[in-house]
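Structure below is entry.cif: mmCIF, C-alpha atoms.
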data_upload
#
loop_
_atom_site.label_atom_id
_atom_site.label_comp_id
_atom_site.auth_asym_id
_atom_site.auth_seq_id
_atom_site.Cartn_x
_atom_site.Cartn_y
_atom_site.Cartn_z
CA MET A 1 9.93 34.18 -21.02
CA ARG A 2 9.19 33.58 -17.33
CA LYS A 3 5.47 33.00 -18.08
CA THR A 4 6.37 30.53 -20.81
CA MET A 5 8.73 28.65 -18.49
CA CYS A 6 6.11 28.48 -15.71
CA ARG A 7 3.49 27.31 -18.20
CA SER A 8 5.89 24.61 -19.48
CA ILE A 9 6.60 23.38 -15.95
CA HIS A 10 2.87 23.32 -15.27
CA HIS A 11 2.23 21.25 -18.42
CA VAL A 12 5.02 18.82 -17.56
CA SER A 13 3.61 18.43 -14.03
CA LEU A 14 0.13 17.73 -15.37
CA LEU A 15 1.51 15.24 -17.88
CA PHE A 16 3.42 13.44 -15.12
CA LEU A 17 0.32 13.26 -12.89
CA LEU A 18 -1.81 12.00 -15.76
CA THR A 19 0.79 9.35 -16.61
CA MET A 20 0.92 8.19 -12.98
CA CYS A 21 -2.87 7.96 -12.87
CA LEU A 22 -2.91 5.87 -16.01
CA LEU A 23 -0.19 3.58 -14.67
CA ILE A 24 -1.87 3.20 -11.31
CA ASN A 25 -5.47 2.82 -12.37
CA ALA A 26 -7.53 3.79 -15.37
CA ASP A 27 -10.01 5.84 -13.34
CA CYS A 28 -7.58 6.99 -10.60
CA SER A 29 -9.79 5.57 -7.87
CA GLU A 30 -9.33 2.78 -5.38
CA SER A 31 -9.98 -0.75 -6.53
CA SER A 32 -13.37 -2.27 -5.81
CA SER A 33 -12.13 -5.83 -5.37
CA LEU A 34 -10.06 -7.44 -2.65
CA ASN A 35 -8.06 -9.35 -5.24
CA ARG A 36 -7.27 -6.29 -7.35
CA SER A 37 -4.97 -3.42 -6.58
CA ALA A 38 -4.36 0.01 -7.99
CA ILE A 39 -1.56 -1.46 -10.13
CA PRO A 40 -2.60 -4.49 -12.17
CA SER A 41 -0.98 -7.74 -11.07
CA ASN A 42 0.13 -8.46 -14.62
CA TYR A 43 2.12 -5.22 -14.90
CA HIS A 44 5.84 -5.96 -14.68
CA PHE A 45 8.58 -3.48 -13.97
CA SER A 46 11.30 -4.39 -16.41
CA SER A 47 14.50 -2.94 -17.76
CA ASN A 48 12.49 -1.57 -20.72
CA ASP A 49 10.36 0.60 -18.42
CA THR A 50 11.42 3.97 -17.17
CA ASN A 51 13.11 3.40 -13.83
CA ILE A 52 10.94 5.49 -11.53
CA ASN A 53 11.99 3.78 -8.28
CA ILE A 54 8.63 3.97 -6.58
CA LEU A 55 7.33 1.50 -4.06
CA PHE A 56 3.67 0.50 -4.29
CA LEU A 57 1.97 -0.69 -1.08
CA SER A 58 -1.53 -2.10 -0.80
CA ILE A 59 -3.27 -3.10 2.44
CA ALA A 60 -6.68 -4.72 1.99
CA SER A 61 -9.27 -5.92 4.48
CA GLY A 62 -10.45 -9.49 4.24
CA MET A 63 -12.79 -8.95 7.18
CA SER A 64 -16.55 -9.29 7.09
CA PRO A 65 -18.51 -6.02 7.06
CA ASN A 66 -20.03 -7.21 10.38
CA ASP A 67 -16.60 -7.51 12.06
CA PRO A 68 -15.30 -4.71 14.28
CA PRO A 69 -13.43 -2.07 12.27
CA VAL A 70 -9.72 -2.41 11.49
CA PHE A 71 -7.60 0.70 11.67
CA PHE A 72 -3.89 1.38 11.61
CA PHE A 73 -1.24 4.04 11.93
CA TYR A 74 1.11 4.35 8.96
CA ASN A 75 4.80 4.93 9.61
CA TYR A 76 4.43 6.45 13.09
CA GLY A 77 1.73 8.86 11.91
CA GLU A 78 -0.97 10.13 14.26
CA THR A 79 -3.93 9.69 11.91
CA ARG A 80 -6.08 6.56 12.18
CA ILE A 81 -6.55 4.95 8.77
CA TYR A 82 -9.60 2.68 8.60
CA LEU A 83 -9.72 -0.34 6.30
CA HIS A 84 -13.02 -1.16 4.65
CA PRO A 85 -13.76 -4.43 2.81
CA GLY A 86 -13.30 -3.94 -0.95
CA LYS A 87 -11.38 -0.65 -0.60
CA PRO A 88 -7.67 -1.25 -0.08
CA PHE A 89 -5.36 1.42 1.28
CA THR A 90 -2.75 2.13 -1.39
CA LYS A 91 0.38 4.21 -1.18
CA LEU A 92 3.25 5.18 -3.46
CA ALA A 93 6.39 5.66 -1.40
CA ASN A 94 10.17 5.59 -1.28
CA PHE A 95 12.13 2.48 -0.31
CA ASP A 96 12.64 3.26 3.39
CA HIS A 97 11.18 1.03 6.09
CA LYS A 98 7.40 1.45 6.51
CA VAL A 99 5.87 0.55 9.89
CA ILE A 100 2.23 -0.39 10.49
CA LEU A 101 0.62 -0.44 13.91
CA MET A 102 -2.80 -2.06 13.40
CA TYR A 103 -5.78 -2.60 15.70
CA TRP A 104 -8.81 -4.85 15.40
CA ASP A 105 -11.21 -4.79 18.35
CA VAL A 106 -9.00 -5.62 21.39
CA LEU A 107 -6.25 -7.15 19.24
CA CYS A 108 -3.24 -5.55 17.63
CA VAL A 109 -0.22 -6.24 15.48
CA ILE A 110 2.86 -4.26 14.50
CA PHE A 111 4.87 -5.02 11.37
CA TYR A 112 6.98 -3.57 8.59
CA ALA A 113 4.75 -2.97 5.57
CA TYR A 114 8.04 -2.59 3.73
CA ASP A 115 11.42 -3.86 4.87
CA PRO A 116 14.09 -3.57 2.16
CA THR A 117 16.04 -6.50 3.65
CA MET A 118 13.01 -8.81 3.28
CA GLU A 119 11.46 -7.79 -0.03
CA GLY A 120 14.22 -8.84 -2.42
CA GLY A 121 13.88 -5.83 -4.72
CA HIS A 122 10.12 -6.19 -5.22
CA GLN A 123 8.41 -2.86 -5.94
CA LYS A 124 4.83 -4.01 -5.33
CA ILE A 125 3.92 -5.22 -1.84
CA TYR A 126 0.43 -6.44 -0.96
CA TRP A 127 -1.01 -7.09 2.50
CA LEU A 128 -4.32 -8.78 3.33
CA VAL A 129 -5.81 -8.45 6.82
CA LYS A 130 -8.00 -11.35 7.95
CA PRO A 131 -9.37 -12.63 11.28
CA ASP A 132 -6.57 -15.20 11.50
CA GLY A 133 -3.72 -12.78 10.78
CA VAL A 134 -1.94 -10.52 8.33
CA PHE A 135 -0.85 -11.99 4.99
CA HIS A 136 1.86 -10.83 2.57
CA SER A 137 2.13 -11.17 -1.22
CA TRP A 138 4.25 -9.87 -4.10
CA ASP A 139 1.65 -10.70 -6.77
CA ASN A 140 -1.71 -10.20 -4.99
CA ASN A 141 -2.50 -13.90 -5.57
CA ASN A 142 -0.13 -16.05 -3.50
CA TRP A 143 -0.35 -15.24 0.20
CA GLU A 144 1.91 -16.05 3.14
CA LYS A 145 0.83 -15.48 6.73
CA ARG A 146 3.33 -13.10 8.31
CA LYS A 147 1.66 -11.92 11.52
CA THR A 148 -0.88 -13.17 14.05
CA TRP A 149 -3.14 -10.89 16.06
CA ASN A 150 -2.24 -10.56 19.72
CA ASN A 151 -3.79 -8.99 22.80
CA GLN A 152 -0.55 -7.65 24.23
CA ALA A 153 0.18 -3.91 24.21
CA CYS A 154 1.43 -2.86 20.78
CA ASN A 155 3.64 0.19 21.02
#
Final structure tokens representation of the file:
Amino acid sequence: MRKTMCRSIHHVSLLFLLTMCLLINADCSESSSLNRSAIPSNYHFSSNDTNINILFLSIASGMSPNDPPVFFFYNYGETRIYLHPGKPFTKLANFDHKVILMYWDVLCVIFYAYDPTMEGGHQKIYWLVKPDGVFHSWDNNNWEKRKTWNNQACN
């Protein structure tokens, strides 16, 4: 009985992971386009969908490949995460605040990648990093500049 129960849990886990991969992206890899994300823009979370309460974050580089590299620290982590043009950073997360400390050459910016008081219940948040600042979107098409690079100490 114990083997059967463990096998059933294993199958349910695999089914869940497969379902998440299919929802996120058909090939479970990062998107190859700046204007695409791991979750299609036309996918809508509605009352007919299973309420999974997962936040999707995407941070994409709009920099030229010749520009200095952009890297950031996610939510007070110690690991540098590098952004590369055409390969957005994507993350599934809970709905707590998410902080980004980002560096580009001698410039920096700090911002909330997710702030529940500002997002109005949106479950998909997109960010685009460009030479003139950091842009925010809920649909990966309409962008609003939210932050400007600065040369003051970010900490």
> So how many Å separate atom CA of A:Ile110 and atom CA of A:Phe72, to one decimal?
Replying inline: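 Calculated distance between atom CA of A:Ile110 and atom CA of A:Phe72 is 9.3 Å.
With the shown file loaded, the PyMOL selection byres ((chain A and resi 150) around 9) picks out Val106, Leu107, Cys108, Val109, Thr148, Trp149, Asn151, Gln152, Ala153 and Cys154 of chain A.
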Selected residues written out, C-alpha atoms, as a PDB file, in the frame of the given file:
ATOM      1  CA  VAL A 106      -9.000  -5.620  21.390  1.00  0.00           C
ATOM      2  CA  LEU A 107      -6.250  -7.150  19.240  1.00  0.00           C
ATOM      3  CA  CYS A 108      -3.240  -5.550  17.630  1.00  0.00           C
ATOM      4  CA  VAL A 109      -0.220  -6.240  15.480  1.00  0.00           C
ATOM      5  CA  THR A 148      -0.880 -13.170  14.050  1.00  0.00           C
ATOM      6  CA  TRP A 149      -3.140 -10.890  16.060  1.00  0.00           C
ATOM      7  CA  ASN A 151      -3.790  -8.990  22.800  1.00  0.00           C
ATOM      8  CA  GLN A 152      -0.550  -7.650  24.230  1.00  0.00           C
ATOM      9  CA  ALA A 153       0.180  -3.910  24.210  1.00  0.00           C
ATOM     10  CA  CYS A 154       1.430  -2.860  20.780  1.00  0.00           C
TER      11      CYS A 154
END
>> Need to verify the contact set: A:Glu78, 12 Å, only C-alpha atoms, exclusion of same-chain residues closer than 5 positions in sequence. Can you return it as a PyMOL selection string?
In response: chain A and resi 71-73+100-101
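You will find atom CA of A:Lys87 at 7.6 Å from atom CA of A:Ser61.
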>> Can you pull out the residues contacting A:Trp138? Cut-off 8 Å, using only C-alpha atoms, and skip same-chain residues under 4 positions away; I want them as a ChimeraX atom specification.
In response: /A:122,124-126,142
Take the residues just selected and output them with C-alpha atoms as a PDB file, in the frame of the given file.
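So the final result, stored in result15.pdb, reads:
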ATOM      1  CA  HIS A 122      10.120  -6.190  -5.220  1.00  0.00           C
ATOM      2  CA  LYS A 124       4.830  -4.010  -5.330  1.00  0.00           C
ATOM      3  CA  ILE A 125       3.920  -5.220  -1.840  1.00  0.00           C
ATOM      4  CA  TYR A 126       0.430  -6.440  -0.960  1.00  0.00           C
ATOM      5  CA  ASN A 142      -0.130 -16.050  -3.500  1.00  0.00           C
TER       6      ASN A 142
END
>> Please list as a VMD selection string every residue within 7 Å of A:Lys145, counting only C-alpha atoms and excluding residues in the same chain fewer than 3 positions away.
In response: chain A and resid 133 to 136
>> To one decimal place in Å, what is the distance between atom CA of A:Asn66 and atom CA of A:Trp127?
In response: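 Computed distance, atom CA of A:Asn66 to atom CA of A:Trp127, equals 20.6 Å.
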>> Please determine, counting all atoms listed in the file, which residue among A:Leu57, A:Val70, A:Ile81, A:Ile52 has the shortest atom-to-atom distance to A:Lys98.
In response: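 Ranked by minimum distance to A:Lys98, first place goes to A:Leu57.
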> What residues come out when you apply the PyMOL selection byres ((chain A and resi 89) around 6) to this file, written as a ChimeraX atom specification?
Replying inline: /A:58-59,88,90
> Written as a PyMOL selection string, what is the full residue list that the PyMOL selection byres ((chain A and resi 92) around 9) yields on the file shown?
Replying inline: chain A and resi 54-57+90-91+93-94
Since the input lacks atoms, please generate all heavy atoms for stretch 102-113 of chain A and provide them as a PDB file, in the frame of the given file.
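New file part_11.pdb:
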ATOM      1  N   MET A 102      -1.412  -1.788  13.792  1.00  0.00           N
ATOM      2  CA  MET A 102      -2.800  -2.060  13.400  1.00  0.00           C
ATOM      3  C   MET A 102      -3.601  -2.591  14.590  1.00  0.00           C
ATOM      4  O   MET A 102      -3.084  -3.354  15.407  1.00  0.00           O
ATOM      5  CB  MET A 102      -2.792  -3.081  12.269  1.00  0.00           C
ATOM      6  CG  MET A 102      -4.133  -3.344  11.631  1.00  0.00           C
ATOM      7  SD  MET A 102      -3.968  -4.419  10.174  1.00  0.00           S
ATOM      8  CE  MET A 102      -3.222  -3.299   8.997  1.00  0.00           C
ATOM      9  N   TYR A 103      -4.875  -2.173  14.633  1.00  0.00           N
ATOM     10  CA  TYR A 103      -5.780  -2.600  15.700  1.00  0.00           C
ATOM     11  C   TYR A 103      -7.065  -3.175  15.102  1.00  0.00           C
ATOM     12  O   TYR A 103      -7.592  -2.659  14.125  1.00  0.00           O
ATOM     13  CB  TYR A 103      -6.155  -1.408  16.594  1.00  0.00           C
ATOM     14  CG  TYR A 103      -4.988  -0.867  17.375  1.00  0.00           C
ATOM     15  CD1 TYR A 103      -4.200   0.163  16.860  1.00  0.00           C
ATOM     16  CD2 TYR A 103      -4.673  -1.382  18.624  1.00  0.00           C
ATOM     17  CE1 TYR A 103      -3.123   0.648  17.578  1.00  0.00           C
ATOM     18  CE2 TYR A 103      -3.595  -0.895  19.354  1.00  0.00           C
ATOM     19  CZ  TYR A 103      -2.826   0.124  18.812  1.00  0.00           C
ATOM     20  OH  TYR A 103      -1.771   0.607  19.531  1.00  0.00           O
ATOM     21  N   TRP A 104      -7.533  -4.249  15.754  1.00  0.00           N
ATOM     22  CA  TRP A 104      -8.810  -4.850  15.400  1.00  0.00           C
ATOM     23  C   TRP A 104      -9.472  -5.274  16.718  1.00  0.00           C
ATOM     24  O   TRP A 104      -8.999  -6.192  17.388  1.00  0.00           O
ATOM     25  CB  TRP A 104      -8.598  -6.047  14.483  1.00  0.00           C
ATOM     26  CG  TRP A 104      -9.843  -6.765  14.103  1.00  0.00           C
ATOM     27  CD1 TRP A 104     -11.001  -6.217  13.636  1.00  0.00           C
ATOM     28  CD2 TRP A 104     -10.071  -8.174  14.167  1.00  0.00           C
ATOM     29  NE1 TRP A 104     -11.932  -7.195  13.392  1.00  0.00           N
ATOM     30  CE2 TRP A 104     -11.379  -8.412  13.707  1.00  0.00           C
ATOM     31  CE3 TRP A 104      -9.297  -9.260  14.548  1.00  0.00           C
ATOM     32  CZ2 TRP A 104     -11.923  -9.675  13.632  1.00  0.00           C
ATOM     33  CZ3 TRP A 104      -9.839 -10.520  14.467  1.00  0.00           C
ATOM     34  CH2 TRP A 104     -11.136 -10.726  14.011  1.00  0.00           C
ATOM     35  N   ASP A 105     -10.521  -4.559  17.087  1.00  0.00           N
ATOM     36  CA  ASP A 105     -11.210  -4.790  18.350  1.00  0.00           C
ATOM     37  C   ASP A 105     -10.199  -4.646  19.495  1.00  0.00           C
ATOM     38  O   ASP A 105      -9.605  -3.593  19.639  1.00  0.00           O
ATOM     39  CB  ASP A 105     -11.912  -6.148  18.333  1.00  0.00           C
ATOM     40  CG  ASP A 105     -13.051  -6.239  19.349  1.00  0.00           C
ATOM     41  OD1 ASP A 105     -13.487  -5.194  19.858  1.00  0.00           O
ATOM     42  OD2 ASP A 105     -13.486  -7.372  19.640  1.00  0.00           O
ATOM     43  N   VAL A 106      -9.971  -5.697  20.296  1.00  0.00           N
ATOM     44  CA  VAL A 106      -9.000  -5.620  21.390  1.00  0.00           C
ATOM     45  C   VAL A 106      -7.643  -6.198  20.992  1.00  0.00           C
ATOM     46  O   VAL A 106      -6.757  -6.323  21.820  1.00  0.00           O
ATOM     47  CB  VAL A 106      -9.526  -6.351  22.659  1.00  0.00           C
ATOM     48  CG1 VAL A 106     -10.793  -5.680  23.172  1.00  0.00           C
ATOM     49  CG2 VAL A 106      -9.751  -7.830  22.379  1.00  0.00           C
ATOM     50  N   LEU A 107      -7.483  -6.542  19.722  1.00  0.00           N
ATOM     51  CA  LEU A 107      -6.250  -7.150  19.240  1.00  0.00           C
ATOM     52  C   LEU A 107      -5.411  -6.148  18.467  1.00  0.00           C
ATOM     53  O   LEU A 107      -5.921  -5.149  17.961  1.00  0.00           O
ATOM     54  CB  LEU A 107      -6.580  -8.360  18.354  1.00  0.00           C
ATOM     55  CG  LEU A 107      -7.441  -9.437  19.012  1.00  0.00           C
ATOM     56  CD1 LEU A 107      -7.821 -10.497  17.994  1.00  0.00           C
ATOM     57  CD2 LEU A 107      -6.712 -10.052  20.200  1.00  0.00           C
ATOM     58  N   CYS A 108      -4.122  -6.451  18.365  1.00  0.00           N
ATOM     59  CA  CYS A 108      -3.240  -5.550  17.630  1.00  0.00           C
ATOM     60  C   CYS A 108      -2.098  -6.345  17.003  1.00  0.00           C
ATOM     61  O   CYS A 108      -1.872  -7.514  17.317  1.00  0.00           O
ATOM     62  CB  CYS A 108      -2.669  -4.470  18.559  1.00  0.00           C
ATOM     63  SG  CYS A 108      -1.680  -5.106  19.919  1.00  0.00           S
ATOM     64  N   VAL A 109      -1.397  -5.667  16.114  1.00  0.00           N
ATOM     65  CA  VAL A 109      -0.220  -6.240  15.480  1.00  0.00           C
ATOM     66  C   VAL A 109       0.638  -5.077  14.987  1.00  0.00           C
ATOM     67  O   VAL A 109       0.118  -4.034  14.599  1.00  0.00           O
ATOM     68  CB  VAL A 109      -0.603  -7.210  14.323  1.00  0.00           C
ATOM     69  CG1 VAL A 109      -1.302  -6.481  13.196  1.00  0.00           C
ATOM     70  CG2 VAL A 109       0.593  -7.976  13.808  1.00  0.00           C
ATOM     71  N   ILE A 110       1.940  -5.250  15.045  1.00  0.00           N
ATOM     72  CA  ILE A 110       2.860  -4.260  14.500  1.00  0.00           C
ATOM     73  C   ILE A 110       3.797  -4.989  13.541  1.00  0.00           C
ATOM     74  O   ILE A 110       4.240  -6.102  13.823  1.00  0.00           O
ATOM     75  CB  ILE A 110       3.632  -3.523  15.628  1.00  0.00           C
ATOM     76  CG1 ILE A 110       4.432  -2.365  15.055  1.00  0.00           C
ATOM     77  CG2 ILE A 110       4.481  -4.469  16.447  1.00  0.00           C
ATOM     78  CD1 ILE A 110       4.980  -1.411  16.096  1.00  0.00           C
ATOM     79  N   PHE A 111       4.028  -4.369  12.374  1.00  0.00           N
ATOM     80  CA  PHE A 111       4.870  -5.020  11.370  1.00  0.00           C
ATOM     81  C   PHE A 111       5.416  -3.992  10.394  1.00  0.00           C
ATOM     82  O   PHE A 111       4.923  -2.870  10.325  1.00  0.00           O
ATOM     83  CB  PHE A 111       4.101  -6.122  10.631  1.00  0.00           C
ATOM     84  CG  PHE A 111       2.917  -5.638   9.843  1.00  0.00           C
ATOM     85  CD1 PHE A 111       3.024  -5.373   8.485  1.00  0.00           C
ATOM     86  CD2 PHE A 111       1.680  -5.470  10.449  1.00  0.00           C
ATOM     87  CE1 PHE A 111       1.928  -4.944   7.751  1.00  0.00           C
ATOM     88  CE2 PHE A 111       0.578  -5.041   9.729  1.00  0.00           C
ATOM     89  CZ  PHE A 111       0.705  -4.778   8.380  1.00  0.00           C
ATOM     90  N   TYR A 112       6.447  -4.396   9.673  1.00  0.00           N
ATOM     91  CA  TYR A 112       6.980  -3.570   8.590  1.00  0.00           C
ATOM     92  C   TYR A 112       6.139  -3.845   7.339  1.00  0.00           C
ATOM     93  O   TYR A 112       6.135  -4.962   6.819  1.00  0.00           O
ATOM     94  CB  TYR A 112       8.428  -3.910   8.282  1.00  0.00           C
ATOM     95  CG  TYR A 112       9.430  -3.340   9.254  1.00  0.00           C
ATOM     96  CD1 TYR A 112      10.257  -4.175   9.992  1.00  0.00           C
ATOM     97  CD2 TYR A 112       9.569  -1.963   9.416  1.00  0.00           C
ATOM     98  CE1 TYR A 112      11.192  -3.658  10.875  1.00  0.00           C
ATOM     99  CE2 TYR A 112      10.484  -1.438  10.298  1.00  0.00           C
ATOM    100  CZ  TYR A 112      11.298  -2.291  11.029  1.00  0.00           C
ATOM    101  OH  TYR A 112      12.213  -1.769  11.903  1.00  0.00           O
ATOM    102  N   ALA A 113       5.455  -2.833   6.844  1.00  0.00           N
ATOM    103  CA  ALA A 113       4.750  -2.970   5.570  1.00  0.00           C
ATOM    104  C   ALA A 113       5.771  -3.067   4.446  1.00  0.00           C
ATOM    105  O   ALA A 113       5.518  -3.684   3.420  1.00  0.00           O
ATOM    106  CB  ALA A 113       3.827  -1.782   5.332  1.00  0.00           C
TER     107      ALA A 113
END
